[in-house]
file model30.cif (mmCIF, C-alpha atoms)
data_structure
loop_
_atom_site.label_atom_id
_atom_site.label_comp_id
_atom_site.auth_asym_id
_atom_site.auth_seq_id
_atom_site.Cartn_x
_atom_site.Cartn_y
_atom_site.Cartn_z
CA MET A 21 108.00 50.02 -3.42
CA ARG A 22 106.78 46.43 -3.20
CA SER A 23 104.72 44.92 -0.41
CA ASP A 24 105.32 41.22 -1.19
CA ASP A 25 108.40 39.14 -0.31
CA SER A 26 109.66 38.53 -3.86
CA THR A 27 113.08 39.84 -4.78
CA ALA A 28 113.09 42.87 -7.00
CA PRO A 29 115.06 42.55 -10.27
CA GLU A 30 118.58 43.90 -10.13
CA PRO A 31 118.89 47.28 -11.87
CA GLY A 32 120.47 46.77 -15.27
CA GLY A 33 119.66 43.02 -15.05
CA SER A 34 119.20 40.65 -18.00
CA SER A 35 116.42 40.46 -20.51
CA GLU A 36 116.11 38.09 -23.51
CA ALA A 37 118.01 40.52 -25.74
CA ALA A 38 120.65 41.17 -23.11
CA ARG A 39 121.18 37.44 -22.53
CA PHE A 40 121.62 36.84 -26.28
CA VAL A 41 124.12 39.67 -26.62
CA GLY A 42 125.98 38.45 -23.56
CA TRP A 43 126.09 34.90 -24.97
CA LEU A 44 127.29 36.20 -28.31
CA GLY A 45 129.98 38.26 -26.62
CA SER A 46 131.05 35.28 -24.53
CA LEU A 47 131.96 33.38 -27.71
CA GLY A 48 134.73 35.87 -28.26
CA CYS A 49 134.92 38.64 -30.80
CA ALA A 50 137.17 36.70 -33.17
CA THR A 51 134.99 33.58 -33.03
CA ALA A 52 131.86 35.54 -33.83
CA GLY A 53 133.59 37.27 -36.72
CA TYR A 54 134.95 33.96 -38.12
CA VAL A 55 131.52 32.30 -37.99
CA VAL A 56 129.97 35.15 -39.97
CA PHE A 57 132.86 35.10 -42.46
CA GLN A 58 132.46 31.34 -43.16
CA PHE A 59 128.69 31.64 -43.39
CA LEU A 60 128.76 34.47 -45.93
CA PHE A 61 131.66 33.00 -47.94
CA GLY A 62 129.68 29.79 -48.46
CA LEU A 63 126.46 31.61 -49.19
CA LEU A 64 127.65 34.21 -51.71
CA PRO A 65 127.41 33.08 -55.39
CA ASP A 66 130.55 32.70 -57.58
CA SER A 67 129.03 35.12 -60.10
CA LEU A 68 129.40 38.02 -57.62
CA GLY A 69 132.74 39.01 -59.02
CA GLY A 70 135.23 36.23 -58.41
CA GLU A 71 136.95 34.68 -55.46
CA ALA A 72 138.51 37.97 -54.32
CA ALA A 73 135.16 39.73 -54.10
CA LYS A 74 133.67 36.93 -52.00
CA TYR A 75 136.66 37.08 -49.60
CA LEU A 76 136.34 40.87 -49.36
CA ILE A 77 132.60 40.96 -48.56
CA ALA A 78 132.76 38.07 -46.11
CA GLY A 79 135.87 39.47 -44.42
CA VAL A 80 134.39 42.95 -43.91
CA SER A 81 131.17 41.45 -42.53
CA GLY A 82 133.10 39.22 -40.17
CA ILE A 83 135.19 42.11 -38.85
CA GLY A 84 132.07 44.27 -38.38
CA THR A 85 130.29 41.49 -36.51
CA ALA A 86 133.28 41.00 -34.22
CA ALA A 87 133.43 44.72 -33.41
CA SER A 88 129.66 44.92 -32.78
CA ALA A 89 129.72 41.91 -30.49
CA TRP A 90 132.53 43.42 -28.43
CA LEU A 91 130.79 46.78 -28.11
CA ALA A 92 127.43 45.23 -27.19
CA ALA A 93 128.95 43.03 -24.51
CA ALA A 94 130.86 45.99 -23.07
CA LEU A 95 127.66 48.05 -22.97
CA VAL A 96 125.73 45.35 -21.11
CA ARG A 97 128.54 44.98 -18.54
CA ALA A 98 128.71 48.76 -18.04
CA ARG A 99 124.93 49.11 -17.53
CA ALA A 100 124.90 46.29 -15.00
CA ALA A 101 127.75 47.89 -13.07
CA VAL A 102 126.02 51.28 -12.99
CA GLY A 103 122.74 49.69 -11.89
CA ARG A 104 124.42 47.91 -8.98
CA ALA A 105 126.15 51.12 -7.94
CA ASP A 106 122.88 53.07 -8.06
CA ALA A 107 121.12 50.43 -5.99
CA ASN A 108 123.65 50.90 -3.20
CA THR A 109 123.65 54.71 -3.34
CA PRO A 110 121.11 56.54 -1.14
CA ALA A 111 118.69 58.87 -2.89
CA PRO A 112 119.82 62.48 -2.88
CA VAL A 113 118.26 64.64 -0.15
CA ALA A 114 116.90 68.02 -1.17
CA PRO A 115 118.83 70.78 0.58
CA ALA A 116 117.02 72.77 3.24
CA PRO A 117 115.83 76.17 2.05
CA SER A 118 118.39 78.85 2.73
CA THR A 119 115.84 81.62 3.22
CA PRO A 120 112.72 81.68 5.40
CA GLY A 121 109.27 81.42 3.88
CA PRO A 122 106.80 84.29 3.82
CA LEU A 123 105.13 83.46 7.14
CA PRO A 124 108.30 83.95 9.26
CA GLN A 125 108.82 87.27 7.51
CA ILE A 126 105.28 88.35 8.36
CA LEU A 127 105.70 87.29 11.99
CA ALA A 128 108.93 89.30 12.21
CA ALA A 129 107.27 92.31 10.59
CA ALA A 130 104.36 92.14 13.04
CA HIS A 131 106.74 91.99 15.99
CA HIS A 132 108.63 95.01 14.68
CA ALA A 133 105.39 96.98 14.26
CA LEU A 134 104.26 96.19 17.80
CA VAL A 135 107.62 97.12 19.27
CA THR A 136 107.84 100.42 17.42
CA GLN A 137 104.24 101.42 18.11
CA VAL A 138 103.93 100.45 21.75
CA SER A 139 102.65 103.28 23.91
CA VAL A 140 104.16 104.12 27.30
CA VAL A 141 102.13 106.59 29.38
CA ASP A 142 102.69 107.72 32.94
CA ASP A 143 99.12 108.01 34.19
CA PRO A 144 98.72 110.11 37.38
CA ALA A 145 96.05 107.78 38.76
CA ARG A 146 97.12 104.36 37.47
CA GLY A 147 100.87 104.64 37.18
CA LEU A 148 103.06 103.63 34.23
CA LEU A 149 101.04 102.03 31.44
CA THR A 150 102.71 100.04 28.66
CA GLY A 151 100.58 98.67 25.84
CA TRP A 152 98.49 99.56 22.82
CA SER A 153 95.25 101.31 22.07
CA HIS A 154 92.44 99.83 20.01
CA SER A 155 94.24 100.29 16.67
CA LEU A 156 97.78 100.67 15.45
CA GLY A 157 98.65 103.95 13.79
CA GLU A 158 95.99 106.11 15.43
CA SER A 159 96.51 109.76 14.58
CA ALA A 160 96.00 111.09 18.11
CA PRO A 161 98.39 110.17 20.95
CA SER A 162 97.21 106.75 22.06
CA ARG A 163 96.70 105.62 25.63
CA PRO A 164 96.87 101.88 26.30
CA THR A 165 93.49 100.21 26.61
CA ALA A 166 92.55 96.87 28.12
CA LEU A 167 91.32 95.54 24.78
CA GLY A 168 94.31 96.60 22.69
CA THR A 169 96.88 95.57 25.31
CA SER A 170 95.22 92.17 25.78
CA TYR A 171 95.46 91.37 22.07
CA GLY A 172 99.00 92.74 21.95
CA LEU A 173 100.01 90.46 24.82
CA HIS A 174 98.38 87.52 23.03
CA ILE A 175 100.46 88.31 19.94
CA MET A 176 103.68 88.57 21.92
CA LEU A 177 103.00 85.19 23.55
CA ASP A 178 102.26 83.65 20.16
CA LEU A 179 105.51 85.06 18.76
CA GLY A 180 107.47 83.72 21.71
CA VAL A 181 108.83 87.14 22.78
CA PRO A 182 111.94 86.92 20.57
CA ASP A 183 113.80 89.69 22.38
CA GLY A 184 113.63 91.91 25.43
CA ARG A 185 112.43 95.15 23.88
CA LEU A 186 108.95 94.40 25.18
CA SER A 187 108.45 92.94 28.63
CA THR A 188 105.43 90.70 29.12
CA GLY A 189 105.65 91.58 32.81
CA ASP A 190 105.06 95.26 32.00
CA LEU A 191 102.07 94.33 29.84
CA VAL A 192 100.61 92.17 32.60
CA ASP A 193 101.09 94.96 35.15
CA THR A 194 99.37 97.40 32.80
CA LEU A 195 96.32 95.19 32.48
CA TRP A 196 96.02 94.99 36.25
CA ARG A 197 96.36 98.78 36.49
CA LEU A 198 93.59 99.20 33.90
CA ARG A 199 91.21 97.17 36.05
CA LEU A 200 88.08 99.10 36.98
CA PRO A 201 87.65 100.25 40.61
CA GLY A 202 84.94 97.69 41.29
CA GLY A 203 86.72 94.89 39.45
CA GLY A 204 86.61 93.72 35.85
CA TRP A 205 87.38 95.49 32.59
CA SER A 206 85.47 97.16 29.80
CA ALA A 207 86.08 98.45 26.29
CA ARG A 208 86.90 102.09 25.69
CA SER A 209 83.33 102.82 24.54
CA GLN A 210 81.66 101.05 27.47
CA GLY A 211 82.53 103.45 30.27
CA THR A 212 83.17 102.33 33.83
CA GLU A 213 80.82 99.33 33.94
CA PRO A 214 82.69 95.99 33.69
CA ARG A 215 81.55 93.79 30.83
CA PRO A 216 81.93 89.99 30.77
CA GLU A 217 83.26 89.68 27.23
CA ILE A 218 86.13 92.14 27.87
CA THR A 219 86.78 90.80 31.37
CA ALA A 220 86.96 87.21 30.14
CA LEU A 221 89.33 88.24 27.35
CA VAL A 222 91.67 90.00 29.79
CA LEU A 223 91.53 87.16 32.32
CA GLY A 224 92.29 84.62 29.60
CA VAL A 225 95.48 86.34 28.50
CA LEU A 226 96.53 87.07 32.11
CA ALA A 227 96.22 83.37 32.94
CA ARG A 228 98.11 82.50 29.78
CA ALA A 229 100.91 84.88 30.75
CA GLY A 230 101.22 83.32 34.21
CA ALA A 231 99.49 85.92 36.36
CA SER A 232 98.65 85.17 39.99
CA SER A 233 96.03 82.42 40.06
CA GLU A 234 94.46 83.86 43.22
CA ARG A 235 93.93 87.28 41.67
CA VAL A 236 92.61 85.72 38.46
CA ALA A 237 90.22 83.47 40.40
CA ALA A 238 88.84 86.43 42.31
CA GLU A 239 88.11 88.30 39.10
CA VAL A 240 86.58 85.19 37.52
CA GLY A 241 84.15 85.02 40.45
CA ARG A 242 83.07 88.64 39.94
CA CYS A 243 82.72 88.15 36.18
CA THR A 244 80.57 85.02 36.37
CA ALA A 245 78.43 86.39 39.19
CA GLY A 246 77.34 89.29 37.01
CA PHE A 247 76.85 87.26 33.83
CA THR A 248 73.25 86.18 34.37
CA HIS A 249 69.98 86.77 32.54
CA GLU A 250 68.84 89.05 35.30
CA LEU A 251 71.97 91.24 35.38
CA ASP A 252 73.09 91.07 31.74
CA ARG A 253 70.27 89.86 29.53
CA ALA A 254 71.74 91.44 26.39
CA GLY A 255 75.04 89.65 26.92
CA ARG A 256 73.43 86.26 27.57
CA GLU A 257 71.40 86.61 24.37
CA SER A 258 74.46 87.39 22.23
CA THR A 259 76.31 84.53 20.51
CA HIS A 260 79.42 86.70 20.28
CA VAL A 261 79.40 87.56 24.00
CA VAL A 262 78.71 84.01 25.22
CA THR A 263 81.36 82.39 22.99
CA THR A 264 83.89 85.07 23.99
CA VAL A 265 83.22 84.47 27.69
CA LEU A 266 83.49 80.71 27.15
CA ARG A 267 86.89 80.99 25.45
CA GLY A 268 88.21 83.33 28.16
CA LEU A 269 87.02 81.13 31.02
CA LEU A 270 88.47 78.02 29.42
CA ARG A 271 91.87 79.71 29.74
CA ALA A 272 91.40 81.40 33.09
CA ALA A 273 89.15 78.95 34.98
CA PRO A 274 88.66 75.73 32.97
CA HIS A 275 86.83 74.02 35.84
CA SER A 276 84.36 76.83 36.52
CA ASP A 277 80.82 75.55 37.01
CA VAL A 278 79.60 78.31 34.68
CA ILE A 279 81.20 76.70 31.62
CA PRO A 280 78.78 73.72 31.36
CA ARG A 281 75.81 76.08 31.69
CA LEU A 282 77.10 78.35 28.94
CA ARG A 283 77.73 75.36 26.69
CA GLU A 284 74.21 74.10 27.30
CA ALA A 285 72.78 77.50 26.39
CA LEU A 286 74.86 77.51 23.22
CA VAL A 287 73.73 74.02 22.19
CA ASP A 288 70.07 74.75 22.91
CA SER A 289 70.17 77.90 20.77
CA ALA A 290 71.19 76.16 17.53
CA VAL A 291 68.59 76.70 14.82
CA SER A 292 67.62 74.55 11.84
CA ASP A 293 68.30 76.02 8.39
CA PRO A 294 65.89 74.70 5.72
CA ARG A 295 68.10 76.14 2.97
CA ARG A 296 70.92 73.77 3.95
CA ASP A 297 69.19 70.43 4.52
CA HIS A 298 67.84 71.56 7.91
CA LEU A 299 71.31 71.44 9.41
CA ARG A 300 71.68 73.25 12.71
CA CYS A 301 73.69 76.46 12.89
CA TRP A 302 73.78 79.72 14.82
CA SER A 303 72.74 83.32 14.33
CA TYR A 304 73.84 86.41 16.23
CA ARG A 305 71.19 85.77 18.93
CA LEU A 306 70.78 82.83 21.31
CA GLU A 307 67.11 83.49 22.01
CA PRO A 308 64.10 84.27 19.80
CA PRO A 309 63.94 86.10 17.51
CA TYR A 310 67.14 84.40 16.38
CA GLY A 311 67.80 86.23 13.14
CA LEU A 312 69.33 84.82 9.97
CA PRO A 313 71.85 81.95 10.07
CA SER A 314 75.39 83.27 10.16
CA ALA A 315 78.64 81.60 9.07
CA LEU A 316 80.55 83.81 11.47
CA HIS A 317 78.53 82.93 14.57
CA THR A 318 78.34 79.27 13.55
CA ALA A 319 82.15 79.17 13.32
CA GLN A 320 82.45 80.89 16.71
CA ALA A 321 80.09 78.34 18.25
CA VAL A 322 81.96 75.40 16.69
CA VAL A 323 85.28 76.69 18.06
CA ALA A 324 83.84 77.26 21.55
CA LEU A 325 82.17 73.84 21.67
CA ASP A 326 85.32 72.13 20.40
CA ARG A 327 87.53 73.78 23.04
CA THR A 328 85.03 72.96 25.78
CA ALA A 329 84.92 69.33 24.66
CA ARG A 330 88.69 69.03 24.96
CA ILE A 331 88.50 69.89 28.68
CA LEU A 332 85.11 68.60 29.80
CA GLY A 333 84.37 65.97 27.19
CA GLU A 334 81.01 66.17 25.43
CA GLY A 335 77.66 64.46 25.44
CA ALA A 336 75.61 63.35 22.49
CA ALA A 337 73.64 66.60 22.21
CA SER A 338 76.72 68.83 22.26
CA LYS A 339 78.56 66.62 19.76
CA ALA A 340 75.59 66.51 17.39
CA ALA A 341 75.21 70.30 17.46
CA ARG A 342 78.92 70.87 16.88
CA GLU A 343 79.05 68.40 13.98
CA ASP A 344 75.95 69.92 12.41
CA GLY A 345 77.61 73.31 12.59
CA VAL A 346 80.60 71.93 10.66
CA ARG A 347 78.30 70.36 8.05
CA TRP A 348 76.44 73.63 7.71
CA LEU A 349 79.70 75.49 7.02
CA LEU A 350 80.71 72.91 4.39
CA ALA A 351 77.32 73.21 2.68
CA CYS A 352 77.80 76.89 1.83
CA PRO A 353 76.78 77.60 -1.78
CA ASP A 354 78.85 80.80 -2.00
CA PRO A 355 82.13 80.92 -0.03
CA ALA A 356 82.66 84.57 -0.88
CA GLN A 357 79.37 85.39 0.83
CA ASP A 358 80.05 83.22 3.87
CA LEU A 359 83.57 84.63 4.35
CA ARG A 360 82.67 88.31 4.20
CA ASN A 361 83.42 90.42 7.28
CA LEU A 362 80.50 91.45 9.46
CA ARG A 363 79.58 94.11 11.98
CA GLU A 364 77.12 93.95 14.84
CA GLU A 365 76.06 95.99 17.83
CA VAL A 366 75.74 94.82 21.41
CA ARG A 367 73.28 97.18 23.07
CA ARG A 368 72.86 97.31 26.84
CA PRO A 369 70.87 99.73 29.05
CA ARG A 370 73.16 102.28 30.62
CA PRO A 371 73.58 101.81 34.40
CA ASP A 372 73.04 105.49 35.10
CA ASP A 373 70.06 105.87 32.74
CA PRO A 374 68.23 102.64 31.70
CA SER A 375 66.24 104.58 29.09
CA ARG A 376 69.45 105.06 27.10
CA HIS A 377 71.72 102.37 25.68
CA GLU A 378 75.42 101.67 25.74
CA VAL A 379 76.44 100.46 22.28
CA LEU A 380 79.45 98.25 21.59
CA ASN A 381 80.30 98.12 17.90
CA VAL A 382 81.85 94.75 17.12
CA ARG A 383 83.60 93.96 13.85
CA HIS A 384 84.18 90.33 12.92
CA PHE A 385 87.00 88.85 10.83
CA THR A 386 84.86 86.02 9.48
CA ALA A 387 87.55 84.19 7.47
CA SER A 388 89.77 83.75 10.52
CA TRP A 389 86.91 82.21 12.52
CA THR A 390 85.95 79.91 9.65
CA LEU A 391 89.55 78.82 9.28
CA ARG A 392 89.77 78.01 12.99
CA ALA A 393 86.49 76.09 12.94
CA LEU A 394 87.58 73.98 9.96
CA MET A 395 90.93 73.18 11.62
CA THR A 396 89.31 71.65 14.69
CA PRO A 397 89.88 67.87 14.86
CA GLY A 398 86.16 67.25 14.82
CA ALA A 399 85.72 69.15 11.56
CA ARG A 400 88.02 66.84 9.65
CA GLU A 401 86.35 63.80 11.20
CA VAL A 402 82.97 65.02 9.98
CA ALA A 403 84.35 65.65 6.49
CA GLU A 404 85.85 62.14 6.32
CA GLN A 405 82.69 60.47 7.62
CA ASP A 406 80.43 62.31 5.18
CA GLY A 407 82.73 62.08 2.15
CA LEU A 408 83.15 65.86 2.09
CA GLU A 409 86.94 66.05 2.21
CA THR A 410 87.12 67.87 -1.13
CA GLU A 411 84.64 70.55 0.00
CA TRP A 412 86.31 70.80 3.39
CA ARG A 413 89.78 71.28 1.94
CA ALA A 414 88.58 73.78 -0.66
CA LEU A 415 86.81 75.95 1.92
CA LEU A 416 89.73 75.72 4.34
CA GLU A 417 92.21 76.90 1.70
CA ARG A 418 89.82 79.63 0.58
CA ALA A 419 89.53 80.89 4.16
CA ALA A 420 93.32 80.78 4.64
CA ALA A 421 93.86 82.75 1.42
CA THR A 422 91.29 85.33 2.51
CA VAL A 423 93.02 85.77 5.88
CA TRP A 424 96.38 86.14 4.15
CA ALA A 425 95.11 88.71 1.66
CA ALA A 426 93.91 91.08 4.41
CA GLN A 427 97.42 91.87 5.72
CA THR A 428 100.33 94.04 4.65
CA ASP A 429 103.70 93.45 6.30
CA GLY A 430 102.13 91.48 9.13
CA ILE A 431 99.46 94.05 10.02
CA TRP A 432 95.79 93.41 9.19
CA SER A 433 93.53 96.18 7.92
CA TRP A 434 89.80 96.40 8.35
CA GLY A 435 89.49 98.99 5.62
CA ARG A 436 88.26 102.52 5.30
CA ILE A 437 85.49 103.41 7.71
CA GLU A 438 83.66 106.54 8.81
CA ASN A 439 86.67 108.81 9.33
CA SER A 440 88.33 107.63 6.08
CA GLU A 441 91.40 106.39 7.96
CA LEU A 442 92.86 103.01 7.16
CA ARG A 443 92.34 101.27 10.48
CA HIS A 444 94.53 98.48 11.84
CA PRO A 445 92.66 97.02 14.83
CA MET A 446 94.80 95.04 17.26
CA TRP A 447 92.21 92.28 17.51
CA MET A 448 92.29 91.74 13.74
CA THR A 449 96.07 91.47 13.62
CA TYR A 450 95.97 88.98 16.49
CA GLN A 451 93.26 86.90 14.82
CA GLY A 452 95.06 86.97 11.46
CA LEU A 453 98.47 86.05 12.87
CA SER A 454 97.06 83.42 15.19
CA ALA A 455 94.97 81.77 12.47
CA LEU A 456 97.83 81.66 9.94
CA ARG A 457 100.28 80.38 12.53
CA ALA A 458 97.85 77.65 13.58
CA HIS A 459 97.24 76.80 9.91
CA ALA A 460 100.98 76.50 9.24
CA VAL A 461 101.37 74.13 12.20
CA TRP A 462 98.24 72.23 11.22
CA VAL A 463 99.34 71.53 7.62
CA TYR A 464 102.90 70.61 8.61
CA ARG A 465 103.80 67.05 7.69
CA GLN A 466 107.07 65.46 8.64
CA GLU A 467 108.58 63.43 5.81
CA GLU A 468 108.31 59.72 6.48
CA THR A 469 111.59 57.85 6.46
CA SER A 470 111.97 54.15 5.81
#
call {"tool": "encode", "arguments": {"input": "model30.cif", "output": "structure tokens"}}
result
Amino acid sequence: MRSDDSTAPEPGGSSEAARFVGWLGSLGCATAGYVVFQFLFGLLPDSLGGEAAKYLIAGVSGIGTAASAWLAAALVRARAAVGRADANTPAPVAPAPSTPGPLPQILAAAHHALVTQVSVVDDPARGLLTGWSHSLGESAPSRPTALGTSYGLHIMLDLGVPDGRLSTGDLVDTLWRLRLPGGGWSARSQGTEPRPEITALVLGVLARAGASSERVAAEVGRCTAGFTHELDRAGRESTHVVTTVLRGLLRAAPHSDVIPRLREALVDSAVSDPRRDHLRCWSYRLEPPYGLPSALHTAQAVVALDRTARILGEGAASKAAREDGVRWLLACPDPAQDLRNLREEVRRPRPDDPSRHEVLNVRHFTASWTLRALMTPGAREVAEQDGLETEWRALLERAAATVWAAQTDGIWSWGRIENSELRHPMWMTYQGLSALRAHAVWVYRQEETS
């Protein structure tokens, strides 16, 4: 490709040697042979072997010269003709692959697993429930839960509901039937007290599936009213809980007046890490004592701040905190350490006995959160501004490979835990599928055509 206005040389065009050969051929084969014959006949000495020998040598040389000139001229003409033909022939287009890549196969396998393992239970109090429990493949008969069914519905929406074996309407109805008597939802281990992180998750997927906006708005009001320092101090101090509520509200009620307050609390809780050039990051707590900096919670905060900025815009303080979080992730000295999965506990006083605690065990798929944080538009901007594109791309690909390696046939496995069963949590499969699907869309580049 040339950017100036000069004319490119014609393929197979002339050079000094080609012009000489063409000139020689234009004299005619016989003429060229006769010239060589006369030249050699006059040059060869009489002592060579007589007049006959001189005629023989000069004649053979002349005939050879004539033949060579004819062949050379023919070759030049043939090359020029081929070059002109090639210049007018479009470049061959690579055929489209005849078989799908590995990601479509994994998506199809995940859909098959969800369809074959869906649980349908006729509950005497709540009616017909269609959904999933916390994990796929549980040994005991599984009853649909709000958490498992919410992530299953998210997966089905991501996959585009390729057929009618699963009805999103049935899943939506099940989530409404699983609503607690006083409103809201909770995890299986949290009893009958609604919790904001589970409620926001359910409301987010209900809004995404097109549930009644009036019903969703009513539940959003109950959720946000109870999510205060006075009523849920443990939740407001948890980075995981606050970022989860933020993501759910951004889907269910993007203009809620609670969202700016939660973002402000998230920004104000960023801590400086002296081990990474005093860049700001996040730990598992939003209030002192903060605890150690965490790649997982920093990635969750970056994702939440990025999504909030898309809807509400962002000020200087929020932007600076988000960008510092990206820089902190890129400054990791050991990706294997930063991408390892984590566990944490969210402990709340029990409503019926404040001296005892309700414990929510939370497992985190760190690589999927890191991958999502690095795919935000702001992350790439930071990498380009700071000259860290190499580090950014390396960490992004490392996170994507780690997410990929945790699945088998489209189902993600946490690993062996206390009961020695290989667990397949619904939330992990959703996070794995969603992250890989977003990564595939993110890296897609359409071929430029001239």
call {"tool": "resolve_selection", "arguments": {"input": "model30.cif", "expression": "the PyMOL selection byres ((chain A and resi 228) around 9)", "output": "list of chain:residue names"}}
result
A:His174, A:Leu177, A:Leu223, A:Gly224, A:Val225, A:Leu226, A:Ala227, A:Ala229, A:Gly230, A:Ala231, A:Arg271, A:Ala272
call {"tool": "atom_distance", "arguments": {"input": "model30.cif", "atom1": "atom CA of Leu299 of chain A", "atom2": "atom CA of Ser314 of chain A"}}
result
12.5 Å
call {"tool": "closest_residue", "arguments": {"input": "model30.cif", "among": "A:Glu213, A:Ala319, A:Pro353, A:Gly311", "to": "Asp372 of chain A", "atoms": "all atoms listed in the file"}}
result
A:Glu213
call {"tool": "closest_residue", "arguments": {"input": "model30.cif", "among": "A:Thr219, A:Gln137, A:Val323, A:Gly202", "to": "Glu343 of chain A", "atoms": "only C-alpha atoms"}}
result
A:Val323
call {"tool": "closest_residue", "arguments": {"input": "model30.cif", "among": "A:Ala133, A:Asp277, A:Thr259, A:Arg283", "to": "Pro313 of chain A", "atoms": "only C-alpha atoms"}}
result
A:Thr259
call {"tool": "residues_around", "arguments": {"input": "model30.cif", "residues": "Trp434 of chain A", "least_positions_apart": "5", "cutoff": "10 Å", "atoms": "all atoms listed in the file", "output": "list of chain:residue names"}}
result
A:Asn361, A:Arg383, A:His384, A:Phe385, A:Ala426, A:Gln427, A:Leu442, A:Arg443, A:His444, A:Pro445, A:Met448, A:Thr449
call {"tool": "atom_distance", "arguments": {"input": "model30.cif", "atom1": "atom CA of Thr194 of chain A", "atom2": "atom CA of Gly151 of chain A"}}
result
7.2 Å
call {"tool": "residues_around", "arguments": {"input": "model30.cif", "residues": "Gln451 of chain A", "least_positions_apart": "4", "cutoff": "8 Å", "atoms": "only C-alpha atoms", "output": "list of chain:residue names"}}
result
A:Phe385, A:Ser388, A:Trp447, A:Ala455
call {"tool": "residues_around", "arguments": {"input": "model30.cif", "residues": "segment 398-413 of chain A", "least_positions_apart": "2", "cutoff": "10 Å", "atoms": "only C-alpha atoms", "output": "list of chain:residue names"}}
result
A:Val322, A:Val323, A:Asp326, A:Lys339, A:Arg342, A:Glu343, A:Asp344, A:Gly345, A:Val346, A:Arg347, A:Leu349, A:Leu350, A:Ala351, A:Cys352, A:Arg392, A:Ala393, A:Leu394, A:Met395, A:Thr396, A:Leu415, A:Leu416, A:Glu417, A:Arg418, A:Ala419
call {"tool": "closest_residue", "arguments": {"input": "model30.cif", "among": "A:Pro294, A:Pro371, A:Val278, A:Glu257", "to": "Tyr310 of chain A", "atoms": "all atoms listed in the file"}}
result
A:Glu257
call {"tool": "atom_distance", "arguments": {"input": "model30.cif", "atom1": "atom CA of His132 of chain A", "atom2": "atom CA of Val461 of chain A"}}
result
22.2 Å
call {"tool": "residues_around", "arguments": {"input": "model30.cif", "residues": "Thr136 of chain A", "least_positions_apart": "6", "cutoff": "12 Å", "atoms": "all atoms listed in the file", "output": "list in words"}}
result
Ala129, Ala130, Gly151, Trp152, Leu156, Gly157, Arg185 and Leu186 of chain A
call {"tool": "resolve_selection", "arguments": {"input": "model30.cif", "expression": "the PyMOL selection byres ((chain A and resi 387) around 7)", "output": "PyMOL selection string"}}
result
chain A and resi 359+385-386+388-391+419+422-423
call {"tool": "closest_atom_pairs", "arguments": {"input": "model30.cif", "of": "segment 369-417 of chain A", "to": "segment 206-210 of chain A", "cutoff": "12 Å", "atoms": "only C-alpha atoms", "output": "tab-separated table"}}
result
residue	atom	partner	partner_atom	distance
A:Pro369	CA	A:Gln210	CA	11.0
A:Arg370	CA	A:Gln210	CA	9.1
A:Pro371	CA	A:Gln210	CA	10.7
A:His377	CA	A:Gln210	CA	10.2
A:Glu378	CA	A:Gln210	CA	6.5
A:Val379	CA	A:Gln210	CA	7.4
A:Leu380	CA	A:Ser209	CA	6.7
A:Asn381	CA	A:Ser209	CA	8.7
A:Val382	CA	A:Ala207	CA	10.8
call {"tool": "closest_residue", "arguments": {"input": "model30.cif", "among": "A:Tyr450, A:Ile279, A:Ser338, A:Val287", "to": "Thr169 of chain A", "atoms": "all atoms listed in the file"}}
result
A:Tyr450
call {"tool": "closest_residue", "arguments": {"input": "model30.cif", "among": "A:Pro280, A:Asp358, A:Asp190, A:Trp348", "to": "Arg295 of chain A", "atoms": "only C-alpha atoms"}}
result
A:Trp348
call {"tool": "resolve_selection", "arguments": {"input": "model30.cif", "expression": "the PyMOL selection byres ((chain A and resi 268) around 6)", "output": "ChimeraX atom specification"}}
result
/A:220-221,224,265-267,269-271
call {"tool": "residues_near_point", "arguments": {"input": "model30.cif", "point": "(94.2, 99.0, 22.0)", "cutoff": "8 Å", "atoms": "only C-alpha atoms", "output": "PyMOL selection string"}}
result
chain A and resi 151-156+163-172+445-446
call {"tool": "write_last_selection", "arguments": {"input": "model30.cif", "atoms": "C-alpha atoms", "output": "PDB file, keeping the file's coordinate frame"}}
result
ATOM      1  CA  GLY A 151     100.580  98.670  25.840  1.00  0.00           C
ATOM      2  CA  TRP A 152      98.490  99.560  22.820  1.00  0.00           C
ATOM      3  CA  SER A 153      95.250 101.310  22.070  1.00  0.00           C
ATOM      4  CA  HIS A 154      92.440  99.830  20.010  1.00  0.00           C
ATOM      5  CA  SER A 155      94.240 100.290  16.670  1.00  0.00           C
ATOM      6  CA  LEU A 156      97.780 100.670  15.450  1.00  0.00           C
ATOM      7  CA  ARG A 163      96.700 105.620  25.630  1.00  0.00           C
ATOM      8  CA  PRO A 164      96.870 101.880  26.300  1.00  0.00           C
ATOM      9  CA  THR A 165      93.490 100.210  26.610  1.00  0.00           C
ATOM     10  CA  ALA A 166      92.550  96.870  28.120  1.00  0.00           C
ATOM     11  CA  LEU A 167      91.320  95.540  24.780  1.00  0.00           C
ATOM     12  CA  GLY A 168      94.310  96.600  22.690  1.00  0.00           C
ATOM     13  CA  THR A 169      96.880  95.570  25.310  1.00  0.00           C
ATOM     14  CA  SER A 170      95.220  92.170  25.780  1.00  0.00           C
ATOM     15  CA  TYR A 171      95.460  91.370  22.070  1.00  0.00           C
ATOM     16  CA  GLY A 172      99.000  92.740  21.950  1.00  0.00           C
ATOM     17  CA  PRO A 445      92.660  97.020  14.830  1.00  0.00           C
ATOM     18  CA  MET A 446      94.800  95.040  17.260  1.00  0.00           C
TER      19      MET A 446
END
call {"tool": "residues_near_point", "arguments": {"input": "model30.cif", "point": "(95.0, 103.9, 36.4)", "cutoff": "9 Å", "atoms": "only C-alpha atoms", "output": "JSON, numbers by chain"}}
result
{"A": [143, 144, 145, 146, 147, 148, 149, 194, 196, 197, 198, 199, 200]}
